[in-house]
Amino acid sequence: MKWGLIGRSLKNSEMQKKVLIVVFIIVVFRGLSHIPVPFAEPEQLKQVLDNVFTSATVPQLLSFINVLSGNALANFSIMLVGLGPYITASIIMQLLTKAFPKLEHIQQEEGEYGRKKISQYTRMLTFPLAILQSVGTIFLIRQSASQFGGLGDVLAGATTERWILMVAALTGGAMILMWLGELITEQGIGNGISILITIGILSSLPGIANQLVAATVTDAAKFEIFGRTLPIDSRGLSVTGVTIGLTLILTVAVVYLNEAQRLIKISYAKRVQGSRSYGGITSVLPIKLIIAGVIPIIFALAFLSIPSFIGQILTNSSNPTWAEFGTKLVEIFQQPTAAAYAQGGWQPYIYPIVYFLLVVMFTYFYTGITFNSKEISENLQKQGGFIEDKRPGKETETYLSKIVSRLTLFGALSLGLLGVMPFLLLILSVKIPALPIPSEQIQLGGTSLLILVAVALETLRQIESKALMLTYDDYGNLPDMDNEAPT
């Protein structure tokens, strides 16, 4: 990373303007995330939602949505839905462009106009998805909060007008957030949607830091060092040290996983047309280890929430059989706690195992959609490129498929381990109580780290590229040696 180049670009007025615009949009986003939905008393909402999110039984999907929305879910803010509808719409459009040749033609053959057209379709699809997700999220919060009283009881008696008002506020918040993300993207120093997601994740760090401090500093225990007695719990201090150490190790591992790629040597045949020769050069085709990124984890969380959501609906059934079945679904597919692992049995292990398998499956599925070996092989053949010792066409396609399959296997297993990392630490803390492992409230999120690392690296690359464009003219302001007078 060329930090000197980036530093020089910050002296440029245009770069300063872009950075200030992005910072202003981020401030607006954080301000909007604290505006509550026009419903009931804000203090009542805050108290009930605090109980929900400090509970060990809160659904993992709600926790993940809360992180991505910058704690807007915990505040019952108008930004509660976050960027979920836009992300879902983008994924659906990617699938549709592969399924319908006409959309694929628009995206690939019509250049910038085609990309704008696909973006317009994505925005249009975001609106109905925002309405659906607003209703579903409110209902899921109601089910989770009903056990604490307050919010669940009030929502149960909400009128149709009140529901329309809530859904309209949340849908409007989602569309505003999509617009803010696109405004950031227009500045050319990063993907706006990714930056807003990253800011949402970073906003939860102060809360984690407070939990670590609370676990370390206490009036009951004393820690002696250099002859002085400090109000520090020795075990809490160990847990804090292990948490910071594991976070650093996991961050380094995520950086390597995100940047890991297989470089395939591509040679181009030399061609002579008239008096000019073309080709005769060598380049590389990079294939990333994790082509699918964090999308498989998001898909897995969404699918895992479905059985629990259905179970919560069935528990209210008048039929005892369906009610019992719904209770069983909720017990099996809710996020396991330390108490569940301490009781023993096989049931608490179902959730992390299914989660891991879903992440692996969706990694293969999404990689198969985004990486087309046949298309790449045909493009190489048209351009006169070939892989050494591989014939153009079918043999090249088979070779690329084999390479991607091997990379995807390791990448899928790595993503799965990142996703279930909190559960592995929780199991270790129960099985070996002497180990200074973070508690349920202070969990390491491999998913969040993956998003942070990927977005940070990609944003820095775009900033460096923009800085190079803005400072390029500086290299042309050197003295003209040919026109200088002789000395």
# chains A, B, ... in the order shown; residues from 1 in each chain; ligands from 1
call {"tool": "select_by_dssp", "arguments": {"residues": "stretch 249-363 of chain A", "states": "helix (DSSP H, G or I)", "output": "VMD selection string"}}
result
chain A and resid 249 to 259 295 to 314 320 to 333 338 to 343 347 to 363
call {"tool": "write_last_selection", "arguments": {"atoms": "C-alpha atoms", "output": "PDB file, in the first residue's frame"}}
result
ATOM      1  CA  ILE A 249      -4.624 -13.878  15.498  1.00  0.00           C
ATOM      2  CA  LEU A 250      -8.033 -14.242  13.874  1.00  0.00           C
ATOM      3  CA  THR A 251      -7.619 -10.905  12.078  1.00  0.00           C
ATOM      4  CA  VAL A 252      -4.282 -11.977  10.600  1.00  0.00           C
ATOM      5  CA  ALA A 253      -5.795 -15.309   9.541  1.00  0.00           C
ATOM      6  CA  VAL A 254      -8.756 -13.533   7.918  1.00  0.00           C
ATOM      7  CA  VAL A 255      -6.398 -11.195   6.027  1.00  0.00           C
ATOM      8  CA  TYR A 256      -4.503 -14.159   4.601  1.00  0.00           C
ATOM      9  CA  LEU A 257      -7.728 -15.984   3.731  1.00  0.00           C
ATOM     10  CA  ASN A 258      -9.227 -12.931   2.060  1.00  0.00           C
ATOM     11  CA  GLU A 259      -6.082 -12.159   0.050  1.00  0.00           C
ATOM     12  CA  ILE A 295     -22.470 -14.163   1.277  1.00  0.00           C
ATOM     13  CA  PRO A 296     -22.621 -17.903   2.236  1.00  0.00           C
ATOM     14  CA  ILE A 297     -22.643 -16.979   5.935  1.00  0.00           C
ATOM     15  CA  ILE A 298     -25.486 -14.496   5.389  1.00  0.00           C
ATOM     16  CA  PHE A 299     -27.462 -17.124   3.466  1.00  0.00           C
ATOM     17  CA  ALA A 300     -26.825 -19.734   6.170  1.00  0.00           C
ATOM     18  CA  LEU A 301     -28.024 -17.411   8.938  1.00  0.00           C
ATOM     19  CA  ALA A 302     -31.174 -16.594   6.960  1.00  0.00           C
ATOM     20  CA  PHE A 303     -31.983 -20.281   6.383  1.00  0.00           C
ATOM     21  CA  LEU A 304     -31.269 -21.196  10.014  1.00  0.00           C
ATOM     22  CA  SER A 305     -33.776 -18.615  11.193  1.00  0.00           C
ATOM     23  CA  ILE A 306     -36.625 -20.184   9.192  1.00  0.00           C
ATOM     24  CA  PRO A 307     -37.228 -23.334  11.350  1.00  0.00           C
ATOM     25  CA  SER A 308     -37.146 -21.286  14.567  1.00  0.00           C
ATOM     26  CA  PHE A 309     -39.463 -18.688  13.046  1.00  0.00           C
ATOM     27  CA  ILE A 310     -41.945 -21.373  11.974  1.00  0.00           C
ATOM     28  CA  GLY A 311     -41.664 -23.017  15.380  1.00  0.00           C
ATOM     29  CA  GLN A 312     -42.549 -19.774  17.169  1.00  0.00           C
ATOM     30  CA  ILE A 313     -45.687 -19.498  15.038  1.00  0.00           C
ATOM     31  CA  LEU A 314     -46.696 -23.124  15.670  1.00  0.00           C
ATOM     32  CA  PRO A 320     -51.388 -29.723  20.822  1.00  0.00           C
ATOM     33  CA  THR A 321     -49.438 -31.764  18.272  1.00  0.00           C
ATOM     34  CA  TRP A 322     -48.481 -28.730  16.199  1.00  0.00           C
ATOM     35  CA  ALA A 323     -47.723 -26.713  19.344  1.00  0.00           C
ATOM     36  CA  GLU A 324     -45.411 -29.463  20.606  1.00  0.00           C
ATOM     37  CA  PHE A 325     -43.726 -29.700  17.210  1.00  0.00           C
ATOM     38  CA  GLY A 326     -43.214 -25.936  17.160  1.00  0.00           C
ATOM     39  CA  THR A 327     -41.670 -26.007  20.637  1.00  0.00           C
ATOM     40  CA  LYS A 328     -39.266 -28.730  19.505  1.00  0.00           C
ATOM     41  CA  LEU A 329     -38.229 -26.696  16.447  1.00  0.00           C
ATOM     42  CA  VAL A 330     -37.513 -23.676  18.630  1.00  0.00           C
ATOM     43  CA  GLU A 331     -35.447 -25.757  21.060  1.00  0.00           C
ATOM     44  CA  ILE A 332     -33.367 -27.367  18.313  1.00  0.00           C
ATOM     45  CA  PHE A 333     -32.770 -24.340  16.087  1.00  0.00           C
ATOM     46  CA  ALA A 338     -23.405 -22.350  27.834  1.00  0.00           C
ATOM     47  CA  ALA A 339     -26.117 -23.824  30.079  1.00  0.00           C
ATOM     48  CA  ALA A 340     -27.333 -26.044  27.231  1.00  0.00           C
ATOM     49  CA  TYR A 341     -23.833 -27.434  26.659  1.00  0.00           C
ATOM     50  CA  ALA A 342     -23.368 -27.914  30.404  1.00  0.00           C
ATOM     51  CA  GLN A 343     -26.506 -30.060  30.588  1.00  0.00           C
ATOM     52  CA  GLN A 347     -29.313 -31.311  20.884  1.00  0.00           C
ATOM     53  CA  PRO A 348     -27.116 -28.181  21.419  1.00  0.00           C
ATOM     54  CA  TYR A 349     -24.700 -29.439  18.757  1.00  0.00           C
ATOM     55  CA  ILE A 350     -27.312 -29.518  15.987  1.00  0.00           C
ATOM     56  CA  TYR A 351     -27.303 -25.745  15.426  1.00  0.00           C
ATOM     57  CA  PRO A 352     -23.517 -25.296  14.864  1.00  0.00           C
ATOM     58  CA  ILE A 353     -23.284 -28.475  12.768  1.00  0.00           C
ATOM     59  CA  VAL A 354     -26.152 -27.429  10.477  1.00  0.00           C
ATOM     60  CA  TYR A 355     -24.703 -23.904  10.343  1.00  0.00           C
ATOM     61  CA  PHE A 356     -21.310 -25.245   9.258  1.00  0.00           C
ATOM     62  CA  LEU A 357     -22.817 -27.516   6.589  1.00  0.00           C
ATOM     63  CA  LEU A 358     -25.004 -24.710   5.205  1.00  0.00           C
ATOM     64  CA  VAL A 359     -22.000 -22.375   4.916  1.00  0.00           C
ATOM     65  CA  VAL A 360     -20.048 -25.046   2.993  1.00  0.00           C
ATOM     66  CA  MET A 361     -23.010 -25.764   0.717  1.00  0.00           C
ATOM     67  CA  PHE A 362     -23.727 -22.110  -0.071  1.00  0.00           C
ATOM     68  CA  THR A 363     -20.033 -21.441  -0.701  1.00  0.00           C
TER      69      THR A 363
END
call {"tool": "residues_around", "arguments": {"residues": "stretch 114-117 of chain A", "least_positions_apart": "6", "cutoff": "9 Å", "atoms": "only C-alpha atoms", "output": "list in words"}}
result
Leu103, His105, Ile106, Gln107 and Gln108 of chain A
call {"tool": "closest_residue", "arguments": {"among": "A:Leu237, A:Val37, A:Gln462, A:Met178", "to": "A:Met166", "atoms": "only C-alpha atoms"}}
result
A:Val37
call {"tool": "closest_residue", "arguments": {"among": "A:Leu20, A:Thr315, A:Ile25, A:Lys102", "to": "A:Glu182", "atoms": "only C-alpha atoms"}}
result
A:Ile25
call {"tool": "atom_distance", "arguments": {"atom1": "atom CA of A:Asn191", "atom2": "atom CA of A:Thr459"}}
result
7.1 Å
call {"tool": "closest_residue", "arguments": {"among": "A:Lys98, A:Ser134, A:Val23, A:Ile195", "to": "A:Leu460", "atoms": "only C-alpha atoms"}}
result
A:Ile195
call {"tool": "closest_residue", "arguments": {"among": "A:Leu418, A:Ile189, A:Ala169, A:Leu248", "to": "A:Lys17", "atoms": "only C-alpha atoms"}}
result
A:Ile189
call {"tool": "residues_around", "arguments": {"residues": "stretch 8-10 of chain A", "least_positions_apart": "5", "cutoff": "9 Å", "atoms": "only C-alpha atoms", "output": "PyMOL selection string"}}
result
chain A and resi 3+15-16+19+464+466-468+470-471
call {"tool": "write_last_selection", "arguments": {"atoms": "all heavy atoms", "output": "mmCIF file, in the first residue's frame"}}
result
data_model
loop_
_atom_site.group_PDB
_atom_site.id
_atom_site.type_symbol
_atom_site.label_atom_id
_atom_site.label_comp_id
_atom_site.auth_asym_id
_atom_site.auth_seq_id
_atom_site.Cartn_x
_atom_site.Cartn_y
_atom_site.Cartn_z
ATOM 1 N N TRP A 3 1.290 4.487 1.098
ATOM 2 C CA TRP A 3 0.739 5.460 2.036
ATOM 3 C C TRP A 3 1.203 6.877 1.706
ATOM 4 O O TRP A 3 0.471 7.841 1.939
ATOM 5 C CB TRP A 3 1.157 5.078 3.452
ATOM 6 C CG TRP A 3 0.623 3.753 3.892
ATOM 7 C CD1 TRP A 3 1.307 2.582 4.010
ATOM 8 C CD2 TRP A 3 -0.733 3.448 4.232
ATOM 9 N NE1 TRP A 3 0.480 1.562 4.417
ATOM 10 C CE2 TRP A 3 -0.787 2.067 4.567
ATOM 11 C CE3 TRP A 3 -1.910 4.202 4.298
ATOM 12 C CZ2 TRP A 3 -1.954 1.440 4.956
ATOM 13 C CZ3 TRP A 3 -3.079 3.566 4.685
ATOM 14 C CH2 TRP A 3 -3.095 2.200 5.002
ATOM 15 N N MET A 15 -9.787 15.684 -3.518
ATOM 16 C CA MET A 15 -9.766 14.541 -2.611
ATOM 17 C C MET A 15 -10.326 14.932 -1.247
ATOM 18 O O MET A 15 -11.075 14.162 -0.630
ATOM 19 C CB MET A 15 -8.335 14.019 -2.475
ATOM 20 C CG MET A 15 -8.230 12.684 -1.748
ATOM 21 S SD MET A 15 -8.986 11.352 -2.728
ATOM 22 C CE MET A 15 -8.312 9.908 -1.912
ATOM 23 N N GLN A 16 -9.972 16.105 -0.764
ATOM 24 C CA GLN A 16 -10.503 16.581 0.506
ATOM 25 C C GLN A 16 -12.018 16.694 0.468
ATOM 26 O O GLN A 16 -12.713 16.324 1.424
ATOM 27 C CB GLN A 16 -9.881 17.937 0.855
ATOM 28 C CG GLN A 16 -8.394 17.888 1.152
ATOM 29 C CD GLN A 16 -7.794 19.268 1.344
ATOM 30 O OE1 GLN A 16 -8.478 20.281 1.182
ATOM 31 N NE2 GLN A 16 -6.517 19.326 1.688
ATOM 32 N N VAL A 19 -13.563 13.141 0.626
ATOM 33 C CA VAL A 19 -13.467 12.559 1.960
ATOM 34 C C VAL A 19 -14.468 13.218 2.912
ATOM 35 O O VAL A 19 -15.143 12.532 3.703
ATOM 36 C CB VAL A 19 -12.028 12.706 2.502
ATOM 37 C CG1 VAL A 19 -11.971 12.294 3.976
ATOM 38 C CG2 VAL A 19 -11.062 11.862 1.690
ATOM 39 N N GLU A 464 -6.235 4.358 -3.094
ATOM 40 C CA GLU A 464 -4.919 4.442 -3.731
ATOM 41 C C GLU A 464 -5.050 4.712 -5.222
ATOM 42 O O GLU A 464 -4.297 5.518 -5.794
ATOM 43 C CB GLU A 464 -4.145 3.143 -3.496
ATOM 44 C CG GLU A 464 -2.732 3.161 -4.052
ATOM 45 C CD GLU A 464 -1.997 1.872 -3.782
ATOM 46 O OE1 GLU A 464 -2.559 0.991 -3.115
ATOM 47 O OE2 GLU A 464 -0.849 1.730 -4.248
ATOM 48 N N LYS A 466 -7.598 6.202 -6.712
ATOM 49 C CA LYS A 466 -8.064 7.581 -6.867
ATOM 50 C C LYS A 466 -6.938 8.562 -6.598
ATOM 51 O O LYS A 466 -6.798 9.584 -7.299
ATOM 52 C CB LYS A 466 -9.218 7.841 -5.891
ATOM 53 C CG LYS A 466 -10.013 9.102 -6.198
ATOM 54 C CD LYS A 466 -10.830 8.929 -7.472
ATOM 55 C CE LYS A 466 -11.680 10.143 -7.751
ATOM 56 N NZ LYS A 466 -12.466 9.986 -8.987
ATOM 57 N N ALA A 467 -6.095 8.264 -5.611
ATOM 58 C CA ALA A 467 -4.968 9.137 -5.286
ATOM 59 C C ALA A 467 -3.980 9.202 -6.444
ATOM 60 O O ALA A 467 -3.423 10.264 -6.750
ATOM 61 C CB ALA A 467 -4.275 8.641 -4.022
ATOM 62 N N LEU A 468 -3.773 8.083 -7.108
ATOM 63 C CA LEU A 468 -2.860 8.061 -8.250
ATOM 64 C C LEU A 468 -3.380 8.924 -9.389
ATOM 65 O O LEU A 468 -2.608 9.649 -10.043
ATOM 66 C CB LEU A 468 -2.672 6.618 -8.726
ATOM 67 C CG LEU A 468 -1.710 6.401 -9.892
ATOM 68 C CD1 LEU A 468 -0.307 6.862 -9.520
ATOM 69 C CD2 LEU A 468 -1.696 4.933 -10.307
ATOM 70 N N LEU A 470 -5.371 11.562 -9.061
ATOM 71 C CA LEU A 470 -5.362 12.970 -8.685
ATOM 72 C C LEU A 470 -3.952 13.553 -8.634
ATOM 73 O O LEU A 470 -3.774 14.759 -8.799
ATOM 74 C CB LEU A 470 -6.042 13.148 -7.320
ATOM 75 C CG LEU A 470 -7.546 12.847 -7.276
ATOM 76 C CD1 LEU A 470 -8.076 12.935 -5.859
ATOM 77 C CD2 LEU A 470 -8.319 13.800 -8.189
ATOM 78 N N THR A 471 -2.963 12.709 -8.363
ATOM 79 C CA THR A 471 -1.578 13.199 -8.265
ATOM 80 C C THR A 471 -0.778 12.915 -9.532
ATOM 81 O O THR A 471 0.420 13.193 -9.559
ATOM 82 C CB THR A 471 -0.873 12.548 -7.060
ATOM 83 O OG1 THR A 471 -0.874 11.108 -7.226
ATOM 84 C CG2 THR A 471 -1.578 12.901 -5.757
#
call {"tool": "atom_distance", "arguments": {"atom1": "atom CA of A:Ile264", "atom2": "atom CA of A:Glu104"}}
result
26.4 Å
